[in-house]
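These notes are about the structure you will find just below.
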Amino acid sequence: MDRYQAMATFIRVVDTGSFSSAARQLGVGQPAVSKTIAQLEARLQVSLLIRSTHGLTPTEAGQNFYERARNAIQEADEAELAAKGAGAGLSGRLRVSAATTFARLHIIPELPRFLAEHPQLTVEIILDDRMIDLVAEGVDISLRMGTLADSTAIARKIATGRRSALATPAYLKRAAALRSPADLANHEAIIYSQLPSAWSFLREGATVSVSVSGRLKISAAEGLRAAVLADMGLTIASDWMFAPELDTGTVVRVLEAWSLPTIDLWAVFPAGRMMTAKARQFADFVEGIMQASKPPPRETSVSYVKKKSVMSGIGKAGRLVL
């Protein structure tokens, strides 16, 4: 039995809570995972998992083994990378979670460069506007915007972006005059259901909060974009979400004498794991992309924050999975 592979399999079983989920993430059959765990328990002569109708949980011995095995594998990966040298590039698999629209506009078009620098690396991208369980999904790094949900994960701020009130010239041409936030009462607002329907504007130290209404409420950013581009009304969004259209004038900012709270982009790493070199380098890569797009000035030092509460055919075929 390959001890390294057995430890990696056991770690994946504990992280996912089931043989079937671990098998899917490892790309093997469930019987192979069950056999590996049985062989590992036989070799150690100790029970590592408690099997019940609710799933799998580690025994006390299993939890101790899990923590030491996880650290050993991560240390081995880091040592191997250091021995190869930075020029050798990254290898293996990197699972990334990101909001659909942000990734489509800003990350995926830049991936050829990242994959070219690391020809032995496979990237899997999970596109989802929801906050997902990074451990259960086997995610190495998640790109998230706004205020982070309750989590014990480690987070690093990548960039800070502008938010604006946005609409198409065609909509504004037929709509009522818009000189102050109070005029929004006479406009059709496209409401993003993941954000409050009260919009707060800032000017000269004063804050004005306006409750908006509209006949259309949308749960995903892609739908919000489509509605705005169909001239259906105005909305509030990050400039990142409409970057191509703002560049061409297809979408314009309104109420520019007023400002809105900025939005942060975070790289989030799963709790309880050592941050891998692959995840760190991908965070650096994304930060470089955002710096090239000229975001507002921000702190230059890299800081990692532990949140307090709970919570194409590019290069070699098959190296990018969406």
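Ordering of the structure tokens sets the chain letters (A, B, ...), residue numbers begin anew at 1 in every chain, and ligands are numbered from 1 in the order given.
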Fill in: Which of range 212-299 of chain A DSSP labels alpha helix (DSSP H), written as an MDAnalysis selection string
chainID A and resid 221:229 243:248 277:292
With N, CA and C atoms retained, export the selected residues as a CSV table (one decimal), in the first residue's frame.
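Produced file part.csv, reproduced below:
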```csv
chain,number,residue,atom,x,y,z
A,221,ALA,N,-25.7,37.3,-10.7
A,221,ALA,CA,-25.1,38.4,-11.4
A,221,ALA,C,-25.3,38.4,-12.9
A,222,GLU,N,-25.2,37.2,-13.5
A,222,GLU,CA,-25.4,37.1,-15.0
A,222,GLU,C,-26.8,37.6,-15.4
A,223,GLY,N,-27.8,37.3,-14.6
A,223,GLY,CA,-29.1,37.8,-14.9
A,223,GLY,C,-29.3,39.3,-14.7
A,224,LEU,N,-28.6,39.8,-13.7
A,224,LEU,CA,-28.6,41.2,-13.5
A,224,LEU,C,-27.9,42.0,-14.7
A,225,ARG,N,-26.8,41.4,-15.2
A,225,ARG,CA,-26.2,42.0,-16.4
A,225,ARG,C,-27.1,42.0,-17.6
A,226,ALA,N,-27.8,40.9,-17.8
A,226,ALA,CA,-28.7,40.7,-18.9
A,226,ALA,C,-29.8,41.7,-18.9
A,227,ALA,N,-30.4,41.9,-17.7
A,227,ALA,CA,-31.5,42.8,-17.5
A,227,ALA,C,-31.1,44.3,-17.8
A,228,VAL,N,-29.9,44.7,-17.3
A,228,VAL,CA,-29.5,46.0,-17.5
A,228,VAL,C,-29.2,46.2,-19.0
A,229,LEU,N,-28.5,45.3,-19.6
A,229,LEU,CA,-28.2,45.4,-21.0
A,229,LEU,C,-29.4,45.3,-21.9
A,243,ALA,N,-17.4,45.8,-16.5
A,243,ALA,CA,-16.2,46.5,-17.0
A,243,ALA,C,-16.2,46.6,-18.5
A,244,PRO,N,-16.5,45.6,-19.3
A,244,PRO,CA,-16.4,45.8,-20.8
A,244,PRO,C,-17.4,46.9,-21.3
A,245,GLU,N,-18.6,46.9,-20.7
A,245,GLU,CA,-19.6,47.9,-21.1
A,245,GLU,C,-19.3,49.3,-20.7
A,246,LEU,N,-18.7,49.4,-19.5
A,246,LEU,CA,-18.3,50.8,-19.1
A,246,LEU,C,-17.2,51.3,-20.0
A,247,ASP,N,-16.3,50.4,-20.5
A,247,ASP,CA,-15.2,50.9,-21.4
A,247,ASP,C,-15.8,51.4,-22.7
A,248,THR,N,-16.9,50.7,-23.2
A,248,THR,CA,-17.4,51.1,-24.5
A,248,THR,C,-18.5,52.1,-24.4
A,277,ALA,N,1.1,26.0,-1.7
A,277,ALA,CA,1.8,26.9,-2.7
A,277,ALA,C,1.0,27.2,-3.9
A,278,LYS,N,0.2,26.2,-4.3
A,278,LYS,CA,-0.7,26.4,-5.5
A,278,LYS,C,-1.7,27.5,-5.2
A,279,ALA,N,-2.3,27.4,-4.1
A,279,ALA,CA,-3.4,28.4,-3.7
A,279,ALA,C,-2.7,29.8,-3.6
A,280,ARG,N,-1.6,29.9,-2.9
A,280,ARG,CA,-0.9,31.2,-2.7
A,280,ARG,C,-0.6,31.8,-4.1
A,281,GLN,N,0.0,31.0,-5.0
A,281,GLN,CA,0.5,31.5,-6.2
A,281,GLN,C,-0.7,31.9,-7.1
A,282,PHE,N,-1.8,31.2,-7.0
A,282,PHE,CA,-3.0,31.6,-7.7
A,282,PHE,C,-3.6,32.9,-7.2
A,283,ALA,N,-3.5,33.1,-5.9
A,283,ALA,CA,-4.0,34.4,-5.3
A,283,ALA,C,-3.1,35.5,-5.8
A,284,ASP,N,-1.8,35.3,-5.8
A,284,ASP,CA,-0.9,36.3,-6.4
A,284,ASP,C,-1.2,36.6,-7.8
A,285,PHE,N,-1.5,35.6,-8.6
A,285,PHE,CA,-1.9,35.7,-10.0
A,285,PHE,C,-3.1,36.6,-10.2
A,286,VAL,N,-4.2,36.3,-9.4
A,286,VAL,CA,-5.4,37.1,-9.4
A,286,VAL,C,-5.1,38.6,-9.0
A,287,GLU,N,-4.3,38.7,-8.0
A,287,GLU,CA,-4.0,40.1,-7.5
A,287,GLU,C,-3.3,40.9,-8.6
A,288,GLY,N,-2.4,40.2,-9.4
A,288,GLY,CA,-1.7,40.9,-10.5
A,288,GLY,C,-2.7,41.3,-11.5
A,289,ILE,N,-3.7,40.4,-11.8
A,289,ILE,CA,-4.8,40.8,-12.8
A,289,ILE,C,-5.5,42.1,-12.3
A,290,MET,N,-5.9,42.1,-11.1
A,290,MET,CA,-6.6,43.2,-10.6
A,290,MET,C,-5.8,44.5,-10.5
A,291,GLN,N,-4.5,44.4,-10.2
A,291,GLN,CA,-3.7,45.6,-10.2
A,291,GLN,C,-3.5,46.1,-11.6
A,292,ALA,N,-3.5,45.2,-12.6
A,292,ALA,CA,-3.3,45.7,-14.0
A,292,ALA,C,-4.6,46.4,-14.5
```
Worksheet entry | Exercise: Asp231 in chain A partners within 12 Å, only C-alpha atoms, chain neighbours under 3 positions left out, as a PyMOL selection string | chain A and resi 166-175+188-190+224-228+234-235+250-252
Worksheet item: Which residues in range 71-263 of chain A does DSSP call strand (DSSP E or B)? List them as an NGL selection string.
Response: :A and (91-98 or 120-127 or 141-145 or 154-161 or 163-167 or 189-192 or 198-203 or 206-211 or 216-218 or 234-238 or 252-254 or 259 or 263)
Item to complete: Please provide as a list in words all residues within 6 Å of range 132-148 of chain A, with the sequence filter that same-chain residues fewer than 4 positions apart are discarded (counting only C-alpha atoms).
Response: Asp15, Thr16, Arg95, Val96, Ser97, Ala98, Ile263, Asp264, Leu265, Trp266, Ala267, Val268, Phe269, Pro270 and Ala279 of chain A
Discussion item. Please compute the CA of Pro58 in chain A-CA of Phe19 in chain A distance, one decimal, in Å.
Written reply: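 Atom-to-atom, CA of Pro58 in chain A to CA of Phe19 in chain A, that is 12.8 Å.
Around Asn186 in chain A, within 9 Å and counting only C-alpha atoms, the residues found are A:Ala175, A:Ala176, A:Ala177, A:Leu178, A:Ala182, A:Asp183, A:Leu184, A:Glu188, once anything fewer than 2 positions away on its own chain is removed.
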Item to complete: Can you pull out every residue within 7 Å of Asp239 in chain A, counting only C-alpha atoms, but drop anything in the same chain fewer than 4 positions away, and send it as a list in words?
Response: Arg162, Arg163, Ser164 and Ala243 of chain A
Can I get the selected residues back with N, CA and C atoms, as a PDB file, in the first residue's frame?
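Result written to result_25.pdb:
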```pdb
ATOM      1  N   ARG A 162     -14.641  49.812  -7.087  1.00  0.00           N
ATOM      2  CA  ARG A 162     -15.678  50.837  -7.036  1.00  0.00           C
ATOM      3  C   ARG A 162     -17.050  50.217  -7.301  1.00  0.00           C
ATOM      4  N   ARG A 163     -18.072  50.737  -6.647  1.00  0.00           N
ATOM      5  CA  ARG A 163     -19.453  50.383  -6.944  1.00  0.00           C
ATOM      6  C   ARG A 163     -20.166  51.618  -7.458  1.00  0.00           C
ATOM      7  N   SER A 164     -21.070  51.415  -8.405  1.00  0.00           N
ATOM      8  CA  SER A 164     -21.739  52.539  -9.059  1.00  0.00           C
ATOM      9  C   SER A 164     -23.198  52.209  -9.318  1.00  0.00           C
ATOM     10  N   ALA A 243     -17.397  45.848 -16.493  1.00  0.00           N
ATOM     11  CA  ALA A 243     -16.167  46.459 -17.000  1.00  0.00           C
ATOM     12  C   ALA A 243     -16.151  46.634 -18.512  1.00  0.00           C
TER      13      ALA A 243
END
```
Residues near Arg93 in chain A, cut-off 8 Å, only C-alpha atoms, skip fewer than 6 positions along chain, as a PDB file with N, CA and C atoms, in the first residue's frame:
```pdb
ATOM      1  N   LEU A 121       0.124  21.566 -14.154  1.00  0.00           N
ATOM      2  CA  LEU A 121      -0.982  21.881 -13.252  1.00  0.00           C
ATOM      3  C   LEU A 121      -2.326  21.737 -13.968  1.00  0.00           C
ATOM      4  N   THR A 122      -3.290  21.137 -13.274  1.00  0.00           N
ATOM      5  CA  THR A 122      -4.676  21.067 -13.739  1.00  0.00           C
ATOM      6  C   THR A 122      -5.524  21.978 -12.859  1.00  0.00           C
ATOM      7  N   VAL A 123      -6.356  22.800 -13.482  1.00  0.00           N
ATOM      8  CA  VAL A 123      -7.196  23.740 -12.748  1.00  0.00           C
ATOM      9  C   VAL A 123      -8.666  23.358 -12.928  1.00  0.00           C
ATOM     10  N   GLU A 124      -9.371  23.221 -11.818  1.00  0.00           N
ATOM     11  CA  GLU A 124     -10.819  22.999 -11.842  1.00  0.00           C
ATOM     12  C   GLU A 124     -11.484  24.235 -11.253  1.00  0.00           C
TER      13      GLU A 124
END
```
Need to verify the contact set: Met241 in chain A, 7 Å, only C-alpha atoms, exclusion of same-chain residues closer than 4 positions in sequence. Can you return it as a PDB file with all heavy atoms, in the first residue's frame?
```pdb
ATOM      1  N   THR A 101     -19.903  35.556 -12.916  1.00  0.00           N
ATOM      2  CA  THR A 101     -19.643  36.710 -13.787  1.00  0.00           C
ATOM      3  C   THR A 101     -18.227  37.227 -13.616  1.00  0.00           C
ATOM      4  O   THR A 101     -17.534  37.522 -14.601  1.00  0.00           O
ATOM      5  CB  THR A 101     -20.652  37.826 -13.483  1.00  0.00           C
ATOM      6  OG1 THR A 101     -21.971  37.346 -13.750  1.00  0.00           O
ATOM      7  CG2 THR A 101     -20.387  39.050 -14.349  1.00  0.00           C
ATOM      8  N   PHE A 102     -17.776  37.337 -12.373  1.00  0.00           N
ATOM      9  CA  PHE A 102     -16.428  37.845 -12.136  1.00  0.00           C
ATOM     10  C   PHE A 102     -15.385  36.957 -12.797  1.00  0.00           C
ATOM     11  O   PHE A 102     -14.461  37.443 -13.457  1.00  0.00           O
ATOM     12  CB  PHE A 102     -16.163  37.940 -10.634  1.00  0.00           C
ATOM     13  CG  PHE A 102     -14.777  38.423 -10.303  1.00  0.00           C
ATOM     14  CD1 PHE A 102     -14.453  39.765 -10.369  1.00  0.00           C
ATOM     15  CD2 PHE A 102     -13.781  37.520  -9.949  1.00  0.00           C
ATOM     16  CE1 PHE A 102     -13.169  40.205 -10.098  1.00  0.00           C
ATOM     17  CE2 PHE A 102     -12.502  37.946  -9.668  1.00  0.00           C
ATOM     18  CZ  PHE A 102     -12.195  39.295  -9.747  1.00  0.00           C
ATOM     19  N   ALA A 237     -24.041  48.026  -8.836  1.00  0.00           N
ATOM     20  CA  ALA A 237     -23.154  46.870  -9.002  1.00  0.00           C
ATOM     21  C   ALA A 237     -21.714  47.340  -8.938  1.00  0.00           C
ATOM     22  O   ALA A 237     -21.421  48.533  -9.066  1.00  0.00           O
ATOM     23  CB  ALA A 237     -23.419  46.166 -10.329  1.00  0.00           C
TER      24      ALA A 237
END
```
